[in-house]
Amino acid sequence: MMTVMSPTAVAPFAGARRAGRTAPVWLARTADVVLPVVVGLLAAAIAWCRLPAGARDTLWAEDAAVFLTQRLQLGPFASLVHPYDGYQHLVPRLVAEVAAALPAESYARTVTALCCVVVGLVAAATMVFARGTIRTTAVRAVFALVPALTPVVAFEVLGNSANLHSFLLFLTPVLLLVRPRTWTGAVAPAVIAFVVAVSEIQAVYFVPMLVLVLAWRNRRAWPIGGALLLGLGLQLLSVLSSSRVRTPMHQDPSDVVTGWFLEPVLSTLYPKASSAAVRLAQVGFGLAVVLALVFVAAAAVVLVGRWRRGDGLGRLRALTIALLVGSPLVWAAGVVLNPTPLIDFSEHGITFLGQTGYVRYAAPASMFLIGLVVLAAERLVRVGRTVTTIVAAVVLIGVCGGLALRAAPSDVARSGAPTWSAEFRHGERDCDGGAADSRLEQAPWGWGVTLACSTIQDDTFPTDPR
């Protein structure tokens, strides 16, 4: 049953404590449909524009070497449930499946475009399903755009299927706070929760939020939590039935802590690690600590104060706690389970960041931190006073302006690597010379895929497993 939205939900800001009139039903319903679509298209466009032209035509890591290769080996759809590195990766495999149905020569650009579309879908879904948690439309729109605008995502995470899980993780706590008014209303968020879980095993971090879902008064939300658990159960089966290959390496705990300050935190201000390293050399580690305190203060704006049952702030507080705890948690889990010498700050010093660049594990952790600032704006609007509404507007403008200034396209991890188009033409020459197949290189160095000459010459991927 559709409820009539108040002006507070339709307009960006409202200083009055209670709305005097309600918006027409047709306007509310139109806004419910149009606004998520607009926000989703905007997020997808931002994601696409943040990537240099060359990067859009360059595949990264598992894009071709794993997801495309296994799609060719197993045939259409069979690869969708095939575990890789111990986990299920449904959404990346769906991207490969759709891209493989289009001309082979455009595979890289198609994958990049589809990955940007997924970012847009995450934004649109956030816009829809965060409505009960973030009631102010403008605040919710900015929150939905955070994943596309987070500075650090452009370097390695954006535009490739291997890292789509970072964007899906941002959506997880939002889904677990949906409170459907009907059983039918639980279907869409439950399906999405399942898709997220079988694409990103790290969704398990938010399982404690199911305590809120299991409360008797929220029983219509049970399908959402159940779908998440079902997806995670399938992930567990994959973990038990397949293996992960890792080179044994010790990760110094101090590097994990230092790394959170230097990467998820500092990257919000300095999208280029080289610039951050220069500033660290001038100012010192205290810069990252002060910036971290800004995010803690943003969380405090939402959490500090008298908690009263029925005050309408429960879900906002829950999302704030999830992001506040989630940021260091997803960072620490990422670098502990996947040890890397790229954060060996205890050995090389904090300016070592400038030589290594940011690592991909910083992406979701950084999104969560920026999201905290946006949630603080929502809390200020809820106060209902003119001065706090103005402050909230300033905060939102500052977030949007600051992120927009840091969203300009620049060199990314796959800049300068072989483009798919150039490699495809090289493959055509190999085939014209009598070869039976040709290897197409991608980024990073050493990754690639071997295509049969029949595929290259027909510009079509086969439908039969090879």
# chains A, B, ... in the order shown; residues from 1 in each chain; ligands from 1
>>> residues_around(residues="segment 144-154 of chain A", least_positions_apart="6", cutoff="9 Å", atoms="only C-alpha atoms", output="compact mmCIF listing (two decimals) with all heavy atoms, in the first residue's frame")
# COMPACT_ATOMS: atom_id res chain seq x y z
N VAL A 39 19.17 8.85 -10.15
CA VAL A 39 20.37 8.66 -9.33
C VAL A 39 21.20 7.50 -9.87
O VAL A 39 22.44 7.57 -9.93
CB VAL A 39 19.99 8.43 -7.85
CG1 VAL A 39 21.21 8.01 -7.04
CG2 VAL A 39 19.39 9.70 -7.26
N GLY A 40 20.53 6.42 -10.27
CA GLY A 40 21.26 5.28 -10.82
C GLY A 40 21.98 5.62 -12.11
O GLY A 40 23.14 5.24 -12.30
N LEU A 42 22.94 8.58 -13.03
CA LEU A 42 24.02 9.52 -12.69
C LEU A 42 25.22 8.77 -12.12
O LEU A 42 26.37 9.05 -12.50
CB LEU A 42 23.51 10.54 -11.68
CG LEU A 42 24.52 11.61 -11.21
CD1 LEU A 42 25.06 12.39 -12.40
CD2 LEU A 42 23.87 12.55 -10.20
N ALA A 43 24.99 7.80 -11.25
CA ALA A 43 26.09 7.02 -10.67
C ALA A 43 26.84 6.24 -11.74
O ALA A 43 28.08 6.19 -11.75
CB ALA A 43 25.56 6.07 -9.60
N ALA A 44 26.09 5.63 -12.67
CA ALA A 44 26.73 4.87 -13.75
C ALA A 44 27.55 5.79 -14.64
O ALA A 44 28.67 5.44 -15.05
CB ALA A 44 25.66 4.15 -14.58
N ILE A 46 28.91 8.69 -13.77
CA ILE A 46 30.08 9.12 -13.01
C ILE A 46 31.16 8.03 -13.05
O ILE A 46 32.34 8.31 -13.27
CB ILE A 46 29.69 9.44 -11.56
CG1 ILE A 46 28.84 10.71 -11.50
CG2 ILE A 46 30.94 9.60 -10.68
CD1 ILE A 46 28.23 10.97 -10.13
N ALA A 47 30.74 6.79 -12.84
CA ALA A 47 31.70 5.68 -12.85
C ALA A 47 32.41 5.58 -14.19
O ALA A 47 33.63 5.39 -14.26
CB ALA A 47 30.98 4.37 -12.52
N ARG A 50 34.87 8.60 -14.84
CA ARG A 50 36.05 8.65 -13.98
C ARG A 50 37.19 7.81 -14.53
O ARG A 50 38.32 7.92 -14.05
CB ARG A 50 35.70 8.17 -12.56
CG ARG A 50 34.77 9.09 -11.79
CD ARG A 50 34.67 8.70 -10.34
NE ARG A 50 35.94 8.91 -9.65
CZ ARG A 50 36.17 8.55 -8.39
NH1 ARG A 50 35.23 7.95 -7.70
NH2 ARG A 50 37.35 8.77 -7.84
N LEU A 51 36.91 6.96 -15.50
CA LEU A 51 37.95 6.10 -16.07
C LEU A 51 38.51 6.71 -17.34
O LEU A 51 37.75 7.15 -18.21
CB LEU A 51 37.36 4.72 -16.39
CG LEU A 51 36.88 3.91 -15.19
CD1 LEU A 51 36.09 2.70 -15.66
CD2 LEU A 51 38.07 3.47 -14.34
N CYS A 116 29.99 -0.45 -14.71
CA CYS A 116 29.47 0.87 -14.36
C CYS A 116 27.96 0.83 -14.16
O CYS A 116 27.42 1.52 -13.29
CB CYS A 116 29.84 1.89 -15.44
SG CYS A 116 31.61 2.24 -15.55
N VAL A 119 27.27 -0.38 -10.70
CA VAL A 119 27.42 0.72 -9.75
C VAL A 119 26.14 1.56 -9.74
O VAL A 119 25.65 1.98 -8.68
CB VAL A 119 28.64 1.59 -10.09
CG1 VAL A 119 28.71 2.80 -9.18
CG2 VAL A 119 29.92 0.78 -9.97
N GLY A 120 25.59 1.80 -10.92
CA GLY A 120 24.34 2.55 -11.01
C GLY A 120 23.18 1.81 -10.36
O GLY A 120 22.34 2.42 -9.68
N VAL A 122 23.41 -0.32 -7.90
CA VAL A 122 23.62 -0.23 -6.45
C VAL A 122 23.11 1.11 -5.93
O VAL A 122 22.44 1.18 -4.89
CB VAL A 122 25.11 -0.42 -6.10
CG1 VAL A 122 25.39 -0.02 -4.65
CG2 VAL A 122 25.53 -1.86 -6.35
N ALA A 123 23.40 2.18 -6.66
CA ALA A 123 22.93 3.51 -6.25
C ALA A 123 21.41 3.58 -6.27
O ALA A 123 20.78 4.12 -5.35
CB ALA A 123 23.53 4.57 -7.17
N ALA A 124 20.80 3.05 -7.34
CA ALA A 124 19.34 3.08 -7.44
C ALA A 124 18.71 2.25 -6.33
O ALA A 124 17.71 2.66 -5.71
CB ALA A 124 18.91 2.56 -8.81
N ALA A 125 19.28 1.07 -6.06
CA ALA A 125 18.76 0.23 -4.99
C ALA A 125 18.90 0.90 -3.63
O ALA A 125 17.99 0.83 -2.78
CB ALA A 125 19.48 -1.12 -4.99
N THR A 126 20.01 1.57 -3.41
CA THR A 126 20.20 2.31 -2.17
C THR A 126 19.16 3.40 -2.03
O THR A 126 18.60 3.62 -0.95
CB THR A 126 21.61 2.92 -2.12
OG1 THR A 126 22.59 1.88 -2.23
CG2 THR A 126 21.84 3.67 -0.81
N MET A 127 18.88 4.08 -3.13
CA MET A 127 17.88 5.15 -3.13
C MET A 127 16.50 4.61 -2.73
O MET A 127 15.75 5.26 -2.00
CB MET A 127 17.83 5.78 -4.52
CG MET A 127 17.09 7.09 -4.58
SD MET A 127 17.96 8.41 -3.74
CE MET A 127 16.75 9.74 -3.90
N ALA A 130 16.85 2.54 1.14
CA ALA A 130 17.25 3.34 2.31
C ALA A 130 16.19 4.36 2.69
O ALA A 130 16.41 5.16 3.59
CB ALA A 130 18.57 4.06 2.02
N SER A 166 33.01 -4.76 -3.83
CA SER A 166 33.13 -3.61 -2.93
C SER A 166 31.86 -2.76 -2.95
O SER A 166 31.41 -2.27 -1.91
CB SER A 166 34.33 -2.75 -3.34
OG SER A 166 35.54 -3.45 -3.14
N PHE A 167 31.27 -2.60 -4.13
CA PHE A 167 30.04 -1.82 -4.25
C PHE A 167 28.85 -2.57 -3.67
O PHE A 167 27.97 -1.97 -3.04
CB PHE A 167 29.80 -1.46 -5.72
CG PHE A 167 30.92 -0.67 -6.33
CD1 PHE A 167 31.88 -1.28 -7.12
CD2 PHE A 167 31.05 0.69 -6.08
CE1 PHE A 167 32.92 -0.56 -7.67
CE2 PHE A 167 32.09 1.42 -6.62
CZ PHE A 167 33.03 0.79 -7.42
N PHE A 170 28.59 -2.24 0.11
CA PHE A 170 28.01 -0.98 0.60
C PHE A 170 26.50 -1.10 0.74
O PHE A 170 25.89 -0.47 1.62
CB PHE A 170 28.36 0.15 -0.38
CG PHE A 170 27.89 1.51 0.04
CD1 PHE A 170 28.63 2.27 0.93
CD2 PHE A 170 26.70 2.04 -0.44
CE1 PHE A 170 28.21 3.53 1.32
CE2 PHE A 170 26.27 3.29 -0.06
CZ PHE A 170 27.02 4.05 0.83
N GLU A 263 45.13 4.60 4.31
CA GLU A 263 44.48 4.26 3.05
C GLU A 263 42.98 4.58 3.04
O GLU A 263 42.58 5.54 2.37
CB GLU A 263 44.78 2.81 2.69
CG GLU A 263 46.29 2.56 2.58
CD GLU A 263 46.67 1.61 1.46
OE1 GLU A 263 45.80 1.24 0.66
OE2 GLU A 263 47.86 1.25 1.38
N PRO A 264 42.10 3.86 3.74
CA PRO A 264 40.69 4.25 3.72
C PRO A 264 40.46 5.68 4.19
O PRO A 264 39.63 6.40 3.62
CB PRO A 264 40.04 3.24 4.68
CG PRO A 264 40.95 2.07 4.67
CD PRO A 264 42.33 2.64 4.54
N SER A 267 42.80 8.52 1.91
CA SER A 267 42.41 8.56 0.50
C SER A 267 41.16 9.39 0.26
O SER A 267 40.90 9.83 -0.86
CB SER A 267 42.20 7.15 -0.04
OG SER A 267 41.10 6.52 0.61
N THR A 268 40.36 9.64 1.29
CA THR A 268 39.18 10.48 1.12
C THR A 268 39.58 11.93 0.81
O THR A 268 38.83 12.67 0.18
CB THR A 268 38.31 10.47 2.38
OG1 THR A 268 39.06 10.98 3.50
CG2 THR A 268 37.83 9.06 2.70
N LEU A 269 40.78 12.31 1.23
CA LEU A 269 41.27 13.67 1.00
C LEU A 269 42.27 13.71 -0.15
O LEU A 269 42.34 14.69 -0.90
CB LEU A 269 41.92 14.21 2.27
CG LEU A 269 42.24 15.70 2.34
CD1 LEU A 269 40.98 16.54 2.16
CD2 LEU A 269 42.91 16.03 3.66
N TYR A 270 43.04 12.65 -0.29
CA TYR A 270 44.08 12.59 -1.34
C TYR A 270 43.85 11.35 -2.21
O TYR A 270 44.27 10.25 -1.85
CB TYR A 270 45.47 12.54 -0.71
CG TYR A 270 45.80 13.75 0.12
CD1 TYR A 270 45.66 13.71 1.51
CD2 TYR A 270 46.26 14.92 -0.47
CE1 TYR A 270 45.95 14.83 2.28
CE2 TYR A 270 46.56 16.04 0.30
CZ TYR A 270 46.40 15.98 1.67
OH TYR A 270 46.70 17.09 2.44
N PRO A 271 43.19 11.50 -3.35
CA PRO A 271 42.91 10.34 -4.20
C PRO A 271 44.17 9.72 -4.80
O PRO A 271 44.15 8.55 -5.17
CB PRO A 271 42.00 10.91 -5.29
CG PRO A 271 42.25 12.38 -5.28
CD PRO A 271 42.59 12.74 -3.87
N LYS A 272 45.26 10.47 -4.87
CA LYS A 272 46.52 9.94 -5.36
C LYS A 272 47.45 9.66 -4.18
O LYS A 272 47.72 10.55 -3.37
CB LYS A 272 47.19 10.91 -6.33
CG LYS A 272 46.43 11.10 -7.63
CD LYS A 272 47.19 12.01 -8.58
CE LYS A 272 46.46 12.18 -9.90
NZ LYS A 272 47.21 13.04 -10.84
N TYR A 358 47.48 2.99 -3.29
CA TYR A 358 46.43 2.42 -2.45
C TYR A 358 46.09 1.00 -2.91
O TYR A 358 46.14 0.68 -4.09
CB TYR A 358 45.17 3.27 -2.53
CG TYR A 358 45.33 4.68 -2.02
CD1 TYR A 358 45.09 5.78 -2.84
CD2 TYR A 358 45.73 4.93 -0.71
CE1 TYR A 358 45.22 7.08 -2.39
CE2 TYR A 358 45.88 6.22 -0.23
CZ TYR A 358 45.62 7.29 -1.07
OH TYR A 358 45.77 8.59 -0.62
N VAL A 359 45.74 0.14 -1.95
CA VAL A 359 45.32 -1.22 -2.29
C VAL A 359 43.79 -1.27 -2.33
O VAL A 359 43.11 -0.44 -1.72
CB VAL A 359 45.86 -2.24 -1.28
CG1 VAL A 359 47.39 -2.24 -1.31
CG2 VAL A 359 45.36 -1.95 0.13
N ARG A 360 43.27 -2.26 -3.02
CA ARG A 360 41.82 -2.32 -3.27
C ARG A 360 40.99 -2.51 -2.01
O ARG A 360 39.80 -2.18 -1.99
CB ARG A 360 41.50 -3.44 -4.26
CG ARG A 360 41.84 -4.83 -3.77
CD ARG A 360 41.60 -5.87 -4.86
NE ARG A 360 41.85 -7.24 -4.45
CZ ARG A 360 43.04 -7.80 -4.47
NH1 ARG A 360 44.09 -7.11 -4.85
NH2 ARG A 360 43.18 -9.07 -4.10
N ALA A 362 40.98 -0.86 0.50
CA ALA A 362 40.61 0.43 1.07
C ALA A 362 39.26 0.91 0.57
O ALA A 362 38.63 1.78 1.19
CB ALA A 362 41.68 1.47 0.74
N ALA A 363 38.78 0.37 -0.55
CA ALA A 363 37.60 0.92 -1.21
C ALA A 363 36.33 0.87 -0.35
O ALA A 363 35.74 1.91 -0.06
CB ALA A 363 37.38 0.23 -2.55
N PRO A 364 35.85 -0.31 0.06
CA PRO A 364 34.61 -0.31 0.86
C PRO A 364 34.78 0.39 2.19
O PRO A 364 33.85 1.06 2.67
CB PRO A 364 34.30 -1.81 1.04
CG PRO A 364 35.61 -2.50 0.84
CD PRO A 364 36.36 -1.67 -0.16
N SER A 366 36.58 2.97 2.82
CA SER A 366 36.52 4.40 2.58
C SER A 366 35.09 4.85 2.28
O SER A 366 34.64 5.91 2.72
CB SER A 366 37.45 4.76 1.41
OG SER A 366 37.56 6.16 1.28
N MET A 367 34.34 4.04 1.54
CA MET A 367 32.93 4.35 1.27
C MET A 367 32.16 4.49 2.58
O MET A 367 31.35 5.41 2.75
CB MET A 367 32.28 3.23 0.45
CG MET A 367 32.78 3.05 -0.95
SD MET A 367 31.88 1.65 -1.71
CE MET A 367 33.01 1.21 -3.03
N PHE A 368 32.40 3.57 3.51
CA PHE A 368 31.69 3.61 4.78
C PHE A 368 31.98 4.90 5.55
O PHE A 368 31.09 5.49 6.15
CB PHE A 368 32.09 2.40 5.65
CG PHE A 368 31.62 1.08 5.11
CD1 PHE A 368 32.13 -0.10 5.61
CD2 PHE A 368 30.69 1.01 4.09
CE1 PHE A 368 31.71 -1.33 5.11
CE2 PHE A 368 30.25 -0.21 3.59
CZ PHE A 368 30.77 -1.39 4.11
N ILE A 370 32.89 7.89 4.34
CA ILE A 370 32.21 9.02 3.70
C ILE A 370 30.72 8.96 3.97
O ILE A 370 30.05 9.98 4.20
CB ILE A 370 32.51 9.04 2.20
CG1 ILE A 370 34.01 9.25 1.97
CG2 ILE A 370 31.72 10.15 1.50
CD1 ILE A 370 34.44 9.08 0.52
N GLY A 371 30.18 7.74 3.98
CA GLY A 371 28.76 7.58 4.29
C GLY A 371 28.39 8.10 5.66
O GLY A 371 27.29 8.62 5.87
N VAL A 374 27.52 11.76 5.53
CA VAL A 374 26.18 11.97 4.94
C VAL A 374 25.10 11.65 5.96
O VAL A 374 24.10 12.37 6.06
CB VAL A 374 26.02 11.12 3.68
CG1 VAL A 374 24.64 11.35 3.05
CG2 VAL A 374 27.11 11.43 2.66
N CYS A 400 29.58 16.76 -1.61
CA CYS A 400 29.44 16.65 -3.07
C CYS A 400 30.57 17.40 -3.78
O CYS A 400 31.18 16.89 -4.73
CB CYS A 400 28.09 17.20 -3.51
SG CYS A 400 26.69 16.19 -2.99
N LEU A 403 34.04 15.62 -3.19
CA LEU A 403 34.18 14.38 -3.95
C LEU A 403 34.24 14.66 -5.45
O LEU A 403 34.99 13.98 -6.18
CB LEU A 403 33.01 13.44 -3.64
CG LEU A 403 32.94 12.91 -2.21
CD1 LEU A 403 31.74 11.99 -2.05
CD2 LEU A 403 34.23 12.18 -1.82
N ALA A 404 33.46 15.63 -5.91
CA ALA A 404 33.46 15.95 -7.34
C ALA A 404 34.84 16.45 -7.78
O ALA A 404 35.32 16.12 -8.87
CB ALA A 404 32.39 16.98 -7.65
N ARG A 406 37.60 15.56 -6.67
CA ARG A 406 38.55 14.45 -6.65
C ARG A 406 38.14 13.33 -7.59
O ARG A 406 38.74 12.25 -7.57
CB ARG A 406 38.67 13.91 -5.22
CG ARG A 406 39.36 14.89 -4.29
CD ARG A 406 39.13 14.57 -2.83
NE ARG A 406 39.92 15.45 -1.97
CZ ARG A 406 39.60 16.72 -1.71
NH1 ARG A 406 38.49 17.24 -2.22
NH2 ARG A 406 40.37 17.47 -0.93
N ALA A 407 37.12 13.57 -8.42
CA ALA A 407 36.61 12.53 -9.30
C ALA A 407 37.11 12.67 -10.73
O ALA A 407 36.68 11.92 -11.60
CB ALA A 407 35.08 12.54 -9.29
N PRO A 409 39.15 12.17 -14.06
CA PRO A 409 39.89 10.99 -14.54
C PRO A 409 41.39 11.18 -14.41
O PRO A 409 41.92 12.27 -14.64
CB PRO A 409 39.48 10.91 -16.02
CG PRO A 409 38.20 11.67 -16.11
CD PRO A 409 38.30 12.76 -15.09
N SER A 410 42.07 10.15 -14.00
CA SER A 410 43.54 10.17 -13.89
C SER A 410 44.05 8.76 -14.13
O SER A 410 43.27 7.83 -14.35
CB SER A 410 43.98 10.68 -12.52
OG SER A 410 43.47 9.84 -11.50
N ASP A 411 45.36 8.60 -14.12
CA ASP A 411 45.93 7.27 -14.34
C ASP A 411 45.41 6.28 -13.30
O ASP A 411 45.29 6.61 -12.11
CB ASP A 411 47.45 7.33 -14.27
CG ASP A 411 48.05 8.01 -15.51
OD1 ASP A 411 47.33 8.12 -16.52
OD2 ASP A 411 49.23 8.42 -15.45
N VAL A 412 45.09 5.10 -13.77
CA VAL A 412 44.60 4.05 -12.88
C VAL A 412 45.54 2.84 -12.98
O VAL A 412 46.52 2.87 -13.73
CB VAL A 412 43.15 3.65 -13.24
CG1 VAL A 412 42.22 4.84 -13.05
CG2 VAL A 412 43.06 3.12 -14.66
N ALA A 413 45.24 1.80 -12.23
CA ALA A 413 46.14 0.65 -12.16
C ALA A 413 46.38 0.01 -13.52
O ALA A 413 47.45 -0.53 -13.77
CB ALA A 413 45.57 -0.39 -11.19
>>> residues_around(residues="Leu102 of chain A", least_positions_apart="6", cutoff="10 Å", atoms="only C-alpha atoms", output="short mmCIF file (atom, residue, chain, number, x, y, z; two decimals) with N, CA, C and O atoms, in the first residue's frame")
data_model
loop_
_atom_site.label_atom_id
_atom_site.label_comp_id
_atom_site.auth_asym_id
_atom_site.auth_seq_id
_atom_site.Cartn_x
_atom_site.Cartn_y
_atom_site.Cartn_z
N THR A 110 32.62 -3.55 -23.18
CA THR A 110 31.33 -4.04 -22.68
C THR A 110 31.41 -4.37 -21.20
O THR A 110 30.51 -4.01 -20.42
N ASP A 459 34.45 -13.02 -34.64
CA ASP A 459 34.08 -11.95 -33.70
C ASP A 459 32.92 -12.36 -32.80
O ASP A 459 32.09 -11.55 -32.42
N THR A 460 32.87 -13.64 -32.48
CA THR A 460 31.77 -14.17 -31.67
C THR A 460 32.32 -15.25 -30.74
O THR A 460 33.05 -16.14 -31.16
N PHE A 461 31.95 -15.17 -29.47
CA PHE A 461 32.36 -16.21 -28.52
C PHE A 461 31.52 -17.46 -28.72
O PHE A 461 30.31 -17.38 -29.00
#
>>> residues_around(residues="segment 297-314 of chain A", least_positions_apart="6", cutoff="7 Å", atoms="only C-alpha atoms", output="JSON, numbers by chain")
{"A": [320, 372, 373, 376, 379]}
>>> atom_distance(atom1="atom CA of Tyr107 of chain A", atom2="atom CA of Ala203 of chain A")
29.1 Å
>>> residues_around(residues="segment 191-194 of chain A", least_positions_apart="5", cutoff="6 Å", atoms="only C-alpha atoms", output="PyMOL selection string")
chain A and resi 227-228+231
>>> atom_distance(atom1="atom CA of Gly233 of chain A", atom2="atom CA of Arg315 of chain A")
26.1 Å
>>> select_by_dssp(residues="segment 234-458 of chain A", states="strand (DSSP E or B)", output="list in words")
Asp437, Ser438, Arg439, Leu440, Glu441, Ala443, Gly448, Val449, Thr450, Leu451 and Ala452 of chain A
>>> write_last_selection(atoms="N, CA and C atoms", output="compact mmCIF listing (two decimals), in the first residue's frame")
# COMPACT_ATOMS: atom_id res chain seq x y z
N ASP A 437 45.29 -20.42 -32.51
CA ASP A 437 44.76 -19.57 -31.45
C ASP A 437 45.74 -18.45 -31.18
N SER A 438 45.35 -17.52 -30.31
CA SER A 438 46.22 -16.38 -29.99
C SER A 438 45.96 -15.96 -28.55
N ARG A 439 47.01 -15.59 -27.87
CA ARG A 439 46.88 -15.12 -26.49
C ARG A 439 46.75 -13.60 -26.48
N LEU A 440 45.71 -13.13 -25.78
CA LEU A 440 45.47 -11.70 -25.64
C LEU A 440 45.86 -11.28 -24.22
N GLU A 441 46.82 -10.37 -24.11
CA GLU A 441 47.29 -9.93 -22.80
C GLU A 441 46.35 -8.89 -22.20
N ALA A 443 45.79 -6.52 -18.13
CA ALA A 443 46.45 -6.02 -16.93
C ALA A 443 45.96 -6.81 -15.72
N GLY A 448 45.99 -12.90 -18.83
CA GLY A 448 45.51 -12.86 -20.20
C GLY A 448 44.59 -14.02 -20.49
N VAL A 449 44.15 -14.13 -21.73
CA VAL A 449 43.24 -15.19 -22.15
C VAL A 449 43.64 -15.66 -23.54
N THR A 450 43.51 -16.94 -23.80
CA THR A 450 43.81 -17.49 -25.11
C THR A 450 42.50 -17.76 -25.84
N LEU A 451 42.35 -17.16 -27.02
CA LEU A 451 41.14 -17.33 -27.82
C LEU A 451 41.45 -18.15 -29.07
N ALA A 452 40.52 -19.00 -29.44
CA ALA A 452 40.66 -19.75 -30.68
C ALA A 452 40.50 -18.79 -31.86
>>> closest_residue(among="A:Ser161, A:Ser106, A:Thr389, A:Gln355", to="Glu423 of chain A", atoms="only C-alpha atoms")
A:Ser106
>>> atom_distance(atom1="atom CA of Ser421 of chain A", atom2="atom CA of Ala408 of chain A")
24.4 Å
>>> residues_around(residues="Leu214 of chain A", least_positions_apart="5", cutoff="12 Å", atoms="only C-alpha atoms", output="ChimeraX atom specification")
/A:176-177,179,207-209,219-226
>>> closest_residue(among="A:Val33, A:Ala197, A:Leu237, A:Ala365", to="Ser327 of chain A", atoms="only C-alpha atoms")
A:Ala365
>>> closest_residue(among="A:Val330, A:Leu324, A:Leu287, A:Leu353", to="Ala273 of chain A", atoms="only C-alpha atoms")
A:Leu353
>>> residues_around(residues="Asp464 of chain A", least_positions_apart="2", cutoff="8 Å", atoms="only C-alpha atoms", output="list of chain:residue names")
A:Leu72, A:Leu74, A:Gly75, A:Pro76, A:Pro462, A:Arg466
>>> write_last_selection(atoms="all heavy atoms", output="PDB file, in the first residue's frame")
ATOM      1  N   LEU A  72      34.218 -19.769 -21.266  1.00  0.00           N
ATOM      2  CA  LEU A  72      34.496 -20.472 -22.508  1.00  0.00           C
ATOM      3  C   LEU A  72      34.692 -21.969 -22.270  1.00  0.00           C
ATOM      4  O   LEU A  72      34.276 -22.795 -23.086  1.00  0.00           O
ATOM      5  CB  LEU A  72      35.737 -19.879 -23.179  1.00  0.00           C
ATOM      6  CG  LEU A  72      35.634 -18.411 -23.617  1.00  0.00           C
ATOM      7  CD1 LEU A  72      36.964 -17.927 -24.173  1.00  0.00           C
ATOM      8  CD2 LEU A  72      34.527 -18.225 -24.642  1.00  0.00           C
ATOM      9  N   LEU A  74      33.413 -23.829 -19.696  1.00  0.00           N
ATOM     10  CA  LEU A  74      32.225 -24.495 -19.163  1.00  0.00           C
ATOM     11  C   LEU A  74      30.984 -24.280 -19.999  1.00  0.00           C
ATOM     12  O   LEU A  74      30.004 -25.021 -19.849  1.00  0.00           O
ATOM     13  CB  LEU A  74      31.969 -24.025 -17.722  1.00  0.00           C
ATOM     14  CG  LEU A  74      33.103 -24.275 -16.727  1.00  0.00           C
ATOM     15  CD1 LEU A  74      32.788 -23.622 -15.387  1.00  0.00           C
ATOM     16  CD2 LEU A  74      33.336 -25.769 -16.555  1.00  0.00           C
ATOM     17  N   GLY A  75      30.990 -23.255 -20.855  1.00  0.00           N
ATOM     18  CA  GLY A  75      29.820 -22.960 -21.665  1.00  0.00           C
ATOM     19  C   GLY A  75      28.884 -21.987 -20.968  1.00  0.00           C
ATOM     20  O   GLY A  75      29.065 -21.635 -19.794  1.00  0.00           O
ATOM     21  N   PRO A  76      27.853 -21.537 -21.701  1.00  0.00           N
ATOM     22  CA  PRO A  76      26.914 -20.557 -21.137  1.00  0.00           C
ATOM     23  C   PRO A  76      26.249 -21.059 -19.861  1.00  0.00           C
ATOM     24  O   PRO A  76      25.838 -22.209 -19.765  1.00  0.00           O
ATOM     25  CB  PRO A  76      25.881 -20.382 -22.268  1.00  0.00           C
ATOM     26  CG  PRO A  76      26.585 -20.817 -23.502  1.00  0.00           C
ATOM     27  CD  PRO A  76      27.522 -21.904 -23.083  1.00  0.00           C
ATOM     28  N   PRO A 462      32.115 -18.634 -28.590  1.00  0.00           N
ATOM     29  CA  PRO A 462      31.367 -19.873 -28.803  1.00  0.00           C
ATOM     30  C   PRO A 462      30.351 -20.107 -27.699  1.00  0.00           C
ATOM     31  O   PRO A 462      30.503 -19.643 -26.569  1.00  0.00           O
ATOM     32  CB  PRO A 462      32.457 -20.950 -28.770  1.00  0.00           C
ATOM     33  CG  PRO A 462      33.556 -20.360 -27.933  1.00  0.00           C
ATOM     34  CD  PRO A 462      33.523 -18.883 -28.238  1.00  0.00           C
ATOM     35  N   ARG A 466      34.484 -25.752 -24.420  1.00  0.00           N
ATOM     36  CA  ARG A 466      35.612 -26.306 -25.180  1.00  0.00           C
ATOM     37  C   ARG A 466      36.444 -27.228 -24.308  1.00  0.00           C
ATOM     38  O   ARG A 466      36.345 -27.203 -23.112  1.00  0.00           O
ATOM     39  CB  ARG A 466      36.502 -25.169 -25.727  1.00  0.00           C
ATOM     40  CG  ARG A 466      37.182 -24.338 -24.658  1.00  0.00           C
ATOM     41  CD  ARG A 466      37.885 -23.158 -25.258  1.00  0.00           C
ATOM     42  NE  ARG A 466      38.674 -22.463 -24.255  1.00  0.00           N
ATOM     43  CZ  ARG A 466      39.251 -21.288 -24.462  1.00  0.00           C
ATOM     44  NH1 ARG A 466      39.119 -20.682 -25.630  1.00  0.00           N
ATOM     45  NH2 ARG A 466      39.978 -20.721 -23.511  1.00  0.00           N
TER      46      ARG A 466
END
>>> select_by_dssp(residues="segment 139-292 of chain A", states="alpha helix (DSSP H)", output="MDAnalysis selection string")
chainID A and resid 139:149 153:156 165:175 187:197 210:213 222:241 253:260 273:283 286:292
